[in-house]
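K.L.:
This is the content of final_1.cif (mmCIF, C-alpha atoms):
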```
data_my_file
#
loop_
_atom_site.label_atom_id
_atom_site.label_comp_id
_atom_site.auth_asym_id
_atom_site.auth_seq_id
_atom_site.Cartn_x
_atom_site.Cartn_y
_atom_site.Cartn_z
CA MET R 1 -45.81 25.81 7.87
CA THR R 2 -45.88 23.43 10.82
CA ARG R 3 -43.77 24.09 13.87
CA THR R 4 -41.58 21.08 13.19
CA TYR R 5 -40.51 22.48 9.85
CA ALA R 6 -40.05 25.97 11.26
CA ARG R 7 -37.72 24.48 13.85
CA ARG R 8 -35.88 22.49 11.22
CA ASN R 9 -35.34 25.62 9.11
CA LEU R 10 -33.92 27.41 12.13
CA GLY R 11 -31.74 24.45 13.13
CA SER R 12 -30.37 23.96 9.64
CA GLY R 13 -29.57 27.68 9.36
CA PHE R 14 -27.88 27.64 12.78
CA LEU R 15 -25.68 24.67 11.83
CA PHE R 16 -24.82 26.30 8.52
CA GLY R 17 -23.93 29.54 10.31
CA LEU R 18 -21.52 27.70 12.63
CA GLY R 19 -19.94 25.92 9.70
CA LEU R 20 -19.75 29.02 7.53
CA ILE R 21 -18.04 31.17 10.13
CA ALA R 22 -15.58 28.45 11.11
CA PHE R 23 -14.70 28.10 7.44
CA LEU R 24 -14.35 31.87 6.88
CA ASP R 25 -12.25 32.11 10.04
CA GLU R 26 -9.94 29.43 8.67
CA VAL R 27 -9.68 30.94 5.18
CA MET R 28 -9.43 34.61 6.12
CA PHE R 29 -7.55 34.73 9.40
CA HIS R 30 -5.44 31.56 9.25
CA GLN R 31 -4.64 31.26 5.54
CA LEU R 32 -5.00 34.64 3.78
CA LEU R 33 -4.13 37.19 6.46
CA GLY R 34 -2.02 34.83 8.52
CA TRP R 35 -3.06 36.65 11.72
CA HIS R 36 -4.18 33.54 13.59
CA HIS R 37 -1.64 30.89 14.45
CA PHE R 38 -2.06 27.14 14.05
CA TYR R 39 -0.82 26.77 17.60
CA ASP R 40 0.11 29.27 20.26
CA LYS R 41 2.45 28.40 23.13
CA SER R 42 0.01 29.77 25.70
CA THR R 43 -2.77 27.43 24.50
CA THR R 44 -4.21 25.40 27.35
CA SER R 45 -5.08 21.75 26.78
CA VAL R 46 -8.75 22.59 27.36
CA GLY R 47 -8.36 25.15 24.55
CA LEU R 48 -6.85 22.53 22.26
CA PHE R 49 -9.73 20.18 23.00
CA SER R 50 -12.35 22.90 22.56
CA ASP R 51 -10.82 23.99 19.24
CA GLY R 52 -10.63 20.45 17.88
CA LEU R 53 -14.19 19.66 18.89
CA PHE R 54 -15.54 22.91 17.49
CA HIS R 55 -13.82 22.57 14.16
CA ALA R 56 -14.81 18.93 13.79
CA PHE R 57 -18.38 19.79 14.67
CA SER R 58 -18.55 22.77 12.30
CA TRP R 59 -17.13 20.66 9.48
CA PHE R 60 -19.91 18.15 9.99
CA ALA R 61 -22.52 20.87 10.56
CA THR R 62 -21.90 22.57 7.20
CA VAL R 63 -22.58 19.39 5.26
CA ALA R 64 -25.48 18.25 7.44
CA ALA R 65 -27.10 21.72 7.19
CA LEU R 66 -27.03 21.64 3.40
CA PHE R 67 -28.56 18.16 3.30
CA LEU R 68 -31.26 19.45 5.68
CA VAL R 69 -31.94 22.30 3.23
CA ALA R 70 -32.23 19.79 0.40
CA ASP R 71 -34.65 17.78 2.55
CA LEU R 72 -36.75 20.86 3.39
CA ARG R 73 -36.85 21.82 -0.26
CA ARG R 74 -38.05 18.46 -1.51
CA ARG R 75 -40.83 18.66 1.09
CA GLN R 76 -41.53 22.21 -0.08
CA THR R 77 -41.10 23.53 3.44
CA PHE R 78 -37.93 25.62 3.02
CA TRP R 79 -38.38 29.07 4.59
CA LEU R 80 -35.54 31.36 3.55
CA MET R 81 -36.07 34.12 6.17
CA ARG R 82 -36.29 31.63 9.01
CA TRP R 83 -33.19 29.87 7.71
CA ILE R 84 -31.22 33.13 7.42
CA SER R 85 -32.16 34.06 10.99
CA GLY R 86 -30.65 30.73 12.01
CA VAL R 87 -27.48 31.41 10.00
CA LEU R 88 -26.98 34.82 11.64
CA ILE R 89 -27.56 33.43 15.13
CA GLY R 90 -25.06 30.65 14.40
CA VAL R 91 -22.44 33.09 13.13
CA GLY R 92 -22.94 35.45 16.08
CA VAL R 93 -22.82 32.72 18.70
CA PHE R 94 -19.67 31.18 17.26
CA GLN R 95 -17.88 34.53 16.94
CA LEU R 96 -18.73 35.45 20.52
CA TYR R 97 -17.63 32.05 21.80
CA ASP R 98 -14.43 32.28 19.77
CA GLY R 99 -13.77 35.91 20.76
CA LEU R 100 -14.55 35.63 24.47
CA VAL R 101 -13.99 32.03 25.55
CA GLN R 102 -11.48 30.57 23.08
CA HIS R 103 -9.29 33.64 22.60
CA LYS R 104 -9.49 35.06 26.11
CA VAL R 105 -10.22 32.26 28.58
CA PHE R 106 -8.55 29.31 26.82
CA ARG R 107 -5.93 31.53 25.14
CA LEU R 108 -6.07 29.40 21.99
CA HIS R 109 -4.53 32.19 19.97
CA GLN R 110 -5.09 35.93 19.67
CA ILE R 111 -6.74 37.73 16.75
CA ARG R 112 -3.44 39.25 15.73
CA TYR R 113 0.07 39.30 17.13
CA GLU R 114 2.51 42.15 17.90
CA VAL R 115 -0.20 44.81 17.88
CA ASP R 116 -2.36 46.45 20.53
CA ILE R 117 -5.01 43.73 20.80
CA LEU R 118 -7.76 45.81 22.47
CA PRO R 119 -9.30 47.47 19.34
CA TYR R 120 -9.29 44.10 17.55
CA ASP R 121 -11.05 42.42 20.44
CA ILE R 122 -13.62 45.22 20.64
CA ILE R 123 -14.40 45.14 16.89
CA TRP R 124 -14.51 41.34 16.85
CA ASN R 125 -16.93 41.00 19.74
CA THR R 126 -19.09 44.02 18.85
CA SER R 127 -19.58 42.78 15.29
CA ALA R 128 -20.42 39.33 16.66
CA THR R 129 -23.03 40.84 18.99
CA LEU R 130 -24.53 42.89 16.15
CA ILE R 131 -24.84 39.82 13.90
CA LEU R 132 -26.40 37.85 16.76
CA CYS R 133 -28.92 40.66 17.42
CA LEU R 134 -29.82 40.87 13.73
CA GLY R 135 -30.42 37.13 13.73
CA LEU R 136 -32.62 37.37 16.83
CA VAL R 137 -34.68 40.21 15.29
CA LEU R 138 -35.28 38.17 12.14
CA PHE R 139 -36.12 35.16 14.31
CA MET R 140 -38.78 37.13 16.19
CA LYS R 141 -40.19 38.52 12.96
CA THR R 142 -40.61 35.06 11.51
CA ASN R 143 -42.15 33.95 14.82
CA ARG R 144 -44.73 36.70 14.54
CA ARG R 145 -45.52 35.72 10.98
CA MET R 146 -46.00 32.14 12.04
CA GLU R 147 -48.50 33.19 14.73
CA GLU R 148 -50.42 35.37 12.27
CA GLU R 149 -50.86 32.46 9.87
CA MET X 1 26.33 -7.17 9.16
CA ASN X 2 23.31 -6.61 11.31
CA HIS X 3 22.22 -3.76 9.08
CA SER X 4 22.41 -5.78 5.88
CA HIS X 5 20.41 -8.50 7.59
CA THR X 6 17.58 -6.08 8.36
CA GLN X 7 17.88 -4.78 4.84
CA MET X 8 17.50 -8.26 3.39
CA SER X 9 14.53 -9.28 5.50
CA GLY X 10 13.09 -5.85 4.71
CA ASN X 11 13.41 -6.58 1.03
CA SER X 12 11.82 -10.01 1.28
CA MET X 13 9.06 -8.49 3.41
CA GLU X 14 8.50 -5.94 0.68
CA GLY X 15 8.38 -8.77 -1.86
CA ILE X 16 5.72 -10.65 0.13
CA MET X 17 3.65 -7.52 0.47
CA MET X 18 3.95 -6.83 -3.26
CA LEU X 19 2.73 -10.35 -4.05
CA PHE X 20 -0.21 -10.01 -1.68
CA VAL X 21 -1.14 -6.65 -3.17
CA LEU X 22 -0.88 -8.06 -6.68
CA PHE X 23 -3.11 -10.96 -5.66
CA LEU X 24 -5.83 -8.61 -4.39
CA PHE X 25 -5.34 -6.41 -7.40
CA VAL X 26 -6.09 -9.22 -9.86
CA LEU X 27 -8.62 -11.22 -7.83
CA TYR X 28 -11.29 -8.53 -7.65
CA PRO X 29 -11.67 -7.90 -11.42
CA LEU X 30 -11.63 -11.67 -11.99
CA ALA X 31 -14.39 -12.26 -9.43
CA ALA X 32 -16.35 -9.36 -10.89
CA HIS X 33 -16.04 -10.91 -14.33
CA TRP X 34 -17.00 -14.45 -13.22
CA THR X 35 -20.03 -13.45 -11.22
CA SER X 36 -21.28 -11.07 -13.89
CA ARG X 37 -22.05 -14.07 -16.02
CA ARG X 38 -24.33 -15.61 -13.39
CA TYR X 39 -25.79 -12.55 -11.68
CA GLN X 40 -26.41 -8.93 -12.59
CA LYS X 41 -23.42 -7.24 -14.17
CA TRP X 42 -20.97 -5.98 -11.53
CA PRO X 43 -20.47 -2.25 -12.29
CA MET X 44 -17.15 -1.23 -13.79
CA TYR X 45 -16.72 1.83 -11.56
CA ARG X 46 -16.46 -0.37 -8.48
CA ALA X 47 -13.46 -2.09 -10.01
CA VAL X 48 -11.99 1.36 -10.58
CA PHE X 49 -12.51 2.16 -6.88
CA TRP X 50 -10.86 -1.12 -5.94
CA ILE X 51 -7.83 -0.66 -8.16
CA SER X 52 -7.31 2.94 -7.03
CA GLY X 53 -7.69 1.87 -3.38
CA ILE X 54 -5.09 -0.87 -3.74
CA PHE X 55 -2.80 1.50 -5.60
CA VAL X 56 -3.10 4.25 -2.96
CA GLY X 57 -2.48 1.77 -0.14
CA ALA X 58 0.46 0.18 -1.93
CA VAL X 59 2.11 3.53 -2.64
CA ALA X 60 2.19 4.14 1.11
CA VAL X 61 4.06 0.92 1.96
CA VAL X 62 6.28 0.09 -1.01
CA GLY X 63 8.27 2.18 -3.44
CA PRO X 64 9.65 5.72 -3.36
CA LEU X 65 7.07 7.29 -1.02
CA ALA X 66 7.59 4.55 1.56
CA GLU X 67 11.34 5.08 1.25
CA PHE X 68 10.90 8.85 1.64
CA ALA X 69 8.66 8.30 4.68
CA HIS X 70 11.53 6.55 6.46
CA HIS X 71 13.49 9.75 6.85
CA SER X 72 10.85 12.47 6.53
CA PHE X 73 8.03 13.01 9.04
CA PRO X 74 5.72 14.81 6.56
CA GLY X 75 6.38 11.91 4.17
CA HIS X 76 5.44 9.48 6.94
CA MET X 77 2.25 11.46 7.60
CA LEU X 78 1.30 11.49 3.93
CA GLY X 79 1.76 7.72 3.89
CA HIS X 80 -0.55 7.40 6.90
CA LEU X 81 -3.23 9.57 5.31
CA LEU X 82 -3.13 7.37 2.22
CA LEU X 83 -2.92 4.03 4.03
CA GLY X 84 -5.22 4.73 6.97
CA MET X 85 -7.83 7.03 5.43
CA LEU X 86 -7.93 7.33 1.64
CA ALA X 87 -7.21 3.70 0.69
CA PRO X 88 -9.87 2.27 3.07
CA LEU X 89 -12.45 4.75 1.77
CA LEU X 90 -11.78 3.80 -1.87
CA LEU X 91 -11.79 0.09 -1.04
CA VAL X 92 -15.07 0.26 0.90
CA CYS X 93 -16.67 2.04 -2.08
CA ALA X 94 -15.74 -1.02 -4.14
CA LYS X 95 -17.97 -3.24 -1.88
CA PRO X 96 -15.49 -6.12 -1.63
CA MET X 97 -17.57 -8.11 0.91
CA THR X 98 -20.60 -8.03 -1.38
CA LEU X 99 -18.47 -9.30 -4.23
CA LEU X 100 -16.91 -11.99 -2.04
CA LEU X 101 -20.31 -13.34 -0.98
CA ARG X 102 -21.39 -13.33 -4.63
CA THR X 103 -18.33 -15.28 -5.66
CA LEU X 104 -18.27 -17.98 -2.96
CA SER X 105 -20.42 -21.09 -3.11
CA VAL X 106 -23.59 -20.82 -1.06
CA PRO X 107 -22.45 -22.99 1.91
CA VAL X 108 -19.17 -21.12 2.25
CA ALA X 109 -20.91 -17.76 1.83
CA ARG X 110 -23.29 -18.79 4.63
CA ARG X 111 -20.36 -19.52 6.89
CA VAL X 112 -18.85 -16.11 6.13
CA THR X 113 -22.20 -14.46 6.84
CA ARG X 114 -22.48 -16.32 10.13
CA PHE X 115 -19.06 -15.00 11.04
CA LEU X 116 -20.06 -11.44 10.07
CA ASN X 117 -23.20 -11.76 12.16
CA SER X 118 -21.30 -12.92 15.23
CA ARG X 119 -21.11 -11.05 18.52
CA PRO X 120 -17.38 -10.24 18.42
CA LEU X 121 -17.86 -8.61 15.05
CA ARG X 122 -20.78 -6.63 16.36
CA LEU X 123 -18.52 -5.25 19.07
CA LEU X 124 -15.69 -4.61 16.61
CA THR X 125 -17.83 -2.75 14.06
CA ASN X 126 -19.48 -0.61 16.72
CA PRO X 127 -18.45 2.93 15.69
CA ALA X 128 -17.11 3.66 19.18
CA THR X 129 -14.82 0.59 19.19
CA ALA X 130 -13.64 1.30 15.66
CA ALA X 131 -12.94 4.96 16.44
CA LEU X 132 -11.08 4.01 19.61
CA LEU X 133 -8.89 1.49 17.78
CA ASN X 134 -8.27 3.96 14.98
CA ILE X 135 -7.64 7.24 16.81
CA GLY X 136 -6.43 5.60 20.03
CA GLY X 137 -3.80 3.71 18.05
CA LEU X 138 -2.52 6.99 16.63
CA TYR X 139 -2.27 8.54 20.11
CA LEU X 140 -0.29 5.51 21.22
CA LEU X 141 2.03 5.79 18.24
CA TYR X 142 2.83 9.49 18.53
CA MET X 143 2.63 10.14 22.26
CA THR X 144 4.78 7.22 23.39
CA PRO X 145 8.30 6.13 22.29
CA LEU X 146 6.58 3.78 19.83
CA TYR X 147 7.31 6.08 16.89
CA PRO X 148 11.14 6.00 17.16
CA MET X 149 10.98 2.29 18.08
CA MET X 150 9.08 1.59 14.87
CA HIS X 151 12.08 2.65 12.80
CA GLU X 152 14.33 0.21 14.68
CA SER X 153 12.27 -2.91 14.31
CA LEU X 154 10.90 -4.32 11.08
CA ALA X 155 8.27 -6.43 12.86
CA LEU X 156 6.97 -3.38 14.69
CA TYR X 157 6.97 -1.40 11.46
CA VAL X 158 4.87 -4.01 9.68
CA LEU X 159 2.55 -4.48 12.65
CA ILE X 160 1.90 -0.75 13.01
CA HIS X 161 1.21 -0.28 9.32
CA LEU X 162 -1.14 -3.25 9.30
CA HIS X 163 -2.93 -1.75 12.27
CA VAL X 164 -3.18 1.67 10.64
CA PHE X 165 -4.77 0.16 7.55
CA GLY X 166 -6.97 -2.32 9.42
CA ALA X 167 -8.24 0.22 11.92
CA GLY X 168 -8.83 2.73 9.14
CA TYR X 169 -10.84 0.18 7.18
CA LEU X 170 -12.82 -0.84 10.26
CA PHE X 171 -13.55 2.80 11.04
CA THR X 172 -14.76 3.45 7.49
CA ILE X 173 -17.14 0.46 7.41
CA SER X 174 -18.43 1.39 10.87
CA MET X 175 -19.32 4.88 9.63
CA ILE X 176 -20.67 4.42 6.12
CA TYR X 177 -22.78 1.44 5.16
CA MET X 178 -21.75 0.89 1.56
CA ASP X 179 -20.89 -2.81 1.77
CA VAL X 180 -22.58 -5.73 3.52
CA THR X 181 -23.38 -4.35 7.00
CA PRO X 182 -25.01 -6.80 9.40
CA HIS X 183 -24.74 -4.63 12.51
CA ARG X 184 -26.29 -1.23 11.94
CA PHE X 185 -26.28 1.77 14.21
CA SER X 186 -28.36 4.96 13.97
CA TYR X 187 -27.30 8.02 11.98
CA TRP X 188 -27.20 10.07 15.17
CA TYR X 189 -24.85 7.69 16.92
CA ARG X 190 -22.52 7.45 13.92
CA ALA X 191 -22.55 11.22 13.41
CA ILE X 192 -21.61 11.87 17.06
CA VAL X 193 -18.79 9.31 17.02
CA LEU X 194 -17.53 10.67 13.69
CA VAL X 195 -17.36 14.21 15.06
CA LEU X 196 -15.57 13.00 18.21
CA ALA X 197 -13.09 10.96 16.16
CA LEU X 198 -12.41 13.90 13.87
CA ALA X 199 -11.91 16.11 16.92
CA GLY X 200 -9.50 13.56 18.38
CA HIS X 201 -7.57 13.57 15.13
CA LYS X 202 -7.36 17.38 15.15
CA VAL X 203 -6.29 17.58 18.79
CA LEU X 204 -3.59 14.97 18.19
CA SER X 205 -2.23 16.81 15.15
CA LYS X 206 -1.90 20.04 17.18
CA TYR X 207 -0.32 18.06 19.98
CA ILE X 208 2.26 16.69 17.54
CA TYR X 209 2.86 20.26 16.37
CA ALA X 210 3.59 21.34 19.93
CA TYR X 211 5.40 18.21 21.16
CA PRO X 212 7.22 16.45 18.29
CA PRO X 213 7.42 12.63 18.60
CA GLY X 214 10.83 11.21 19.54
CA GLY X 215 13.55 11.76 16.94
CA VAL X 216 11.52 14.24 14.86
CA ILE X 217 12.88 17.76 14.43
CA ARG X 218 10.52 20.65 15.09
CA SER X 219 10.12 21.97 11.54
CA GLU X 220 9.28 18.48 10.26
CA ALA X 221 6.81 17.86 13.09
CA GLU X 222 5.08 21.15 12.29
CA ALA X 223 4.77 20.39 8.57
CA GLY X 224 3.59 16.83 9.32
CA ALA X 225 1.05 18.04 11.87
CA ARG X 226 -0.45 20.51 9.39
CA LEU X 227 -0.66 17.81 6.75
CA MET X 228 -2.42 15.54 9.25
CA TYR X 229 -4.85 18.29 10.29
CA TYR X 230 -5.92 19.44 6.82
CA GLY X 231 -5.49 16.12 5.00
CA GLY X 232 -7.68 14.44 7.62
CA ASP X 233 -10.31 17.13 7.06
CA LEU X 234 -10.39 16.37 3.36
CA VAL X 235 -10.94 12.63 3.66
CA ASP X 236 -13.38 13.00 6.55
CA LEU X 237 -15.36 15.47 4.45
CA VAL X 238 -16.08 12.67 1.98
CA LEU X 239 -17.14 10.37 4.86
CA ILE X 240 -19.46 13.10 6.19
CA ILE X 241 -21.00 13.71 2.76
CA ILE X 242 -21.64 9.99 2.21
CA LEU X 243 -23.15 9.58 5.70
CA CYS X 244 -25.44 12.60 5.20
CA TYR X 245 -26.38 11.48 1.71
CA HIS X 246 -27.43 8.08 3.04
CA TRP X 247 -29.60 9.84 5.63
CA TYR X 248 -31.08 12.02 2.88
CA ARG X 249 -31.92 8.98 0.76
CA ALA X 250 -33.33 7.03 3.70
CA THR X 251 -35.67 9.81 4.84
CA ALA X 252 -37.11 10.53 1.39
CA PRO X 253 -40.86 11.26 1.50
CA ARG X 254 -42.94 8.63 -0.31
CA SER X 255 -43.48 10.68 -3.45
CA HIS X 256 -39.73 10.94 -3.95
CA LEU X 257 -38.89 7.27 -3.57
CA LYS X 258 -37.28 5.88 -6.66
CA LYS X 259 -37.22 2.23 -7.59
CA SER X 260 -34.93 0.35 -5.24
CA GLN X 261 -31.39 0.20 -6.47
CA PRO X 262 -29.86 -3.12 -7.49
CA ILE X 263 -27.07 -4.41 -5.30
#
```
Represent the supplied structure as structure tokens.

P.N.:
Amino acid sequence: MTRTYARRNLGSGFLFGLGLIAFLDEVMFHQLLGWHHFYDKSTTSVGLFSDGLFHAFSWFATVAALFLVADLRRRQTFWLMRWISGVLIGVGVFQLYDGLVQHKVFRLHQIRYEVDILPYDIIWNTSATLILCLGLVLFMKTNRRMEEE
Amino acid sequence: MNHSHTQMSGNSMEGIMMLFVLFLFVLYPLAAHWTSRRYQKWPMYRAVFWISGIFVGAVAVVGPLAEFAHHSFPGHMLGHLLLGMLAPLLLVCAKPMTLLLRTLSVPVARRVTRFLNSRPLRLLTNPATAALLNIGGLYLLYMTPLYPMMHESLALYVLIHLHVFGAGYLFTISMIYMDVTPHRFSYWYRAIVLVLALAGHKVLSKYIYAYPPGGVIRSEAEAGARLMYYGGDLVDLVLIIILCYHWYRATAPRSHLKKSQPI
């Protein structure tokens, strides 16, 4: 496994993670639960811009990531563990960005309305941190394996 | 009096558009048939793309949906999605420029090619220019009094709808290279512009949600904005898949290369 392909596995996983979580966020919180709002009066214009850019990027990233997987597979260089570490890092980073910057700083929308928001924020951001840490642990494990080879 | 006058010129305008659409509708299959005798057979599915593209575009400008769009904002938005996004995509998949060059006599085809190769067209088909014309035009339409003005003036109405279609077509050919494409830009560049254009589209739809265009009531603006947001996603998804697929095919390792595909 050359370093180029290791990096590509990680990158593809990361892009897929971003896309996956943006999609789940849309399906679960916007459509099924209806907790998130399409637009919130306190949204700043920076928040609107950030949200648009992030969703557009994640839409592209999901597709591009899967084509990258197809490319890695036809070159027989797909490395599942490395890829999954990328996915988890992507999911964690996006959730943290969404939970801290978009919800709190840009006030795009809150996790849920008409409830005490604190426990939601804590669970949201703690779970994001845990996923990110899990991804980083896997990343370091695969790094070690690469050095052993 | 004045009203009936607008009505009449509106009807004759509709008639002209219908004739033009019918012309395009018939010309493509005819050209496909003629040239198939001299060259390789023109695939049937491309004619299907062409006919569906013309149909989708026509539905947006004439008939019941166009009528509905006059007094409903979500109806108007649906028309724009069809005219500015879906119809161009279907038409580009039909490779009309390739067919045109196949049909014309060699000297005329050369002249067309020279025109396609020209500098102004290079500027126009640059993804950034195309995206600016496409998305920028929408910002102009919905963030200025242009939208209510459009319903007052027939000329403005026709001009705006021509622009929506033209800019949508230009944007599509600047992103995916299905047809004859003399001026090519890298995958990276196109991907970045595509993401930015999609983001611009999303931001605008939320802006419309928050600040309805002149003369549009809030509930209609909200429904229209959602349609724009999610409908745009759907069509752009196809653009993204085609762009990525072209990258995938172009970067195939040697052992995976298939025989080159016929044009």

K.L.:
Could you tell me which residues the PyMOL selection byres ((chain R) within 8 of (chain X)) grabs in this file, written as JSON, numbers by chain?

P.N.:
{"R": [38, 39, 41, 48, 49, 51, 52, 53, 54, 55, 56, 57, 59, 60, 63, 64, 67, 68, 71, 75]}

K.L.:
Report the residues retrieved by the PyMOL selection byres ((chain X and resi 98-103) around 12) from the displayed file, expressed as an NGL selection string.

P.N.:
:X and (24 or 27-43 or 46-47 or 50 or 91-97 or 104-114 or 116 or 177-182 or 263)

K.L.:
Got a sec: who's within 6 Å of region 160-170 of chain X, counting all atoms listed in the file, leaving out chain neighbours fewer than 3 positions off, as a list of chain:residue names?

P.N.:
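Skipping anything fewer than 3 positions along the chain leaves X:Leu83, X:Gly84, X:Met85, X:Pro88, X:Ala130, X:Asn134, X:Leu156, X:Tyr157, X:Ile173.
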
K.L.:
Give as a list in words the set of residues within 7 Å of the point (-33.1, 29.3, 9.5), where distances use the file's coordinates and all atoms listed in the file.

P.N.:
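Those residues, ordered by chain and then number, are Asn9, Leu10, Gly11, Ser12, Gly13, Phe14, Leu80, Met81, Arg82, Trp83, Ile84, Ser85, Gly86 and Val87 of chain R.
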
K.L.:
Rank nothing, just name the residue among R:Gln76, R:Ser58, R:Asn125, R:Thr142 nearest to Asp98 (chain R), using all atoms listed in the file.

P.N.:
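The answer is R:Asn125, which sits nearest to Asp98 (chain R).
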
K.L.:
Please compute the CA of Leu132 (chain R)-CA of Leu96 (chain R) distance, one decimal, in Å.

P.N.:
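If I compute the distance from CA of Leu132 (chain R) to CA of Leu96 (chain R), I get 8.9 Å.
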
K.L.:
Between CA of Met17 (chain X) and CA of Gly232 (chain X), what distance in Å does the model show, to one decimal?

P.N.:
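A separation of 25.7 Å between them.
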
K.L.:
Given the file above and the PyMOL selection byres ((chain X and resi 52) around 10), which residues are selected, and can you give them as a ChimeraX atom specification?

P.N.:
/X:25,46-51,53-58,86-87,90-91,94

K.L.:
Give me, please, the distance in Å between CA of Leu78 (chain X) and CA of Leu227 (chain X), quoted to one decimal.

P.N.:
7.2 Å

K.L.:
Given the choices R:Gly135, R:Leu66, R:Phe78, R:Leu20, which gets closest to Thr4 (chain R) if the distance is worked out from only C-alpha atoms?

P.N.:
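Going through R:Gly135, R:Leu66, R:Phe78, R:Leu20 one by one, the smallest distance to Thr4 (chain R) is for R:Phe78.
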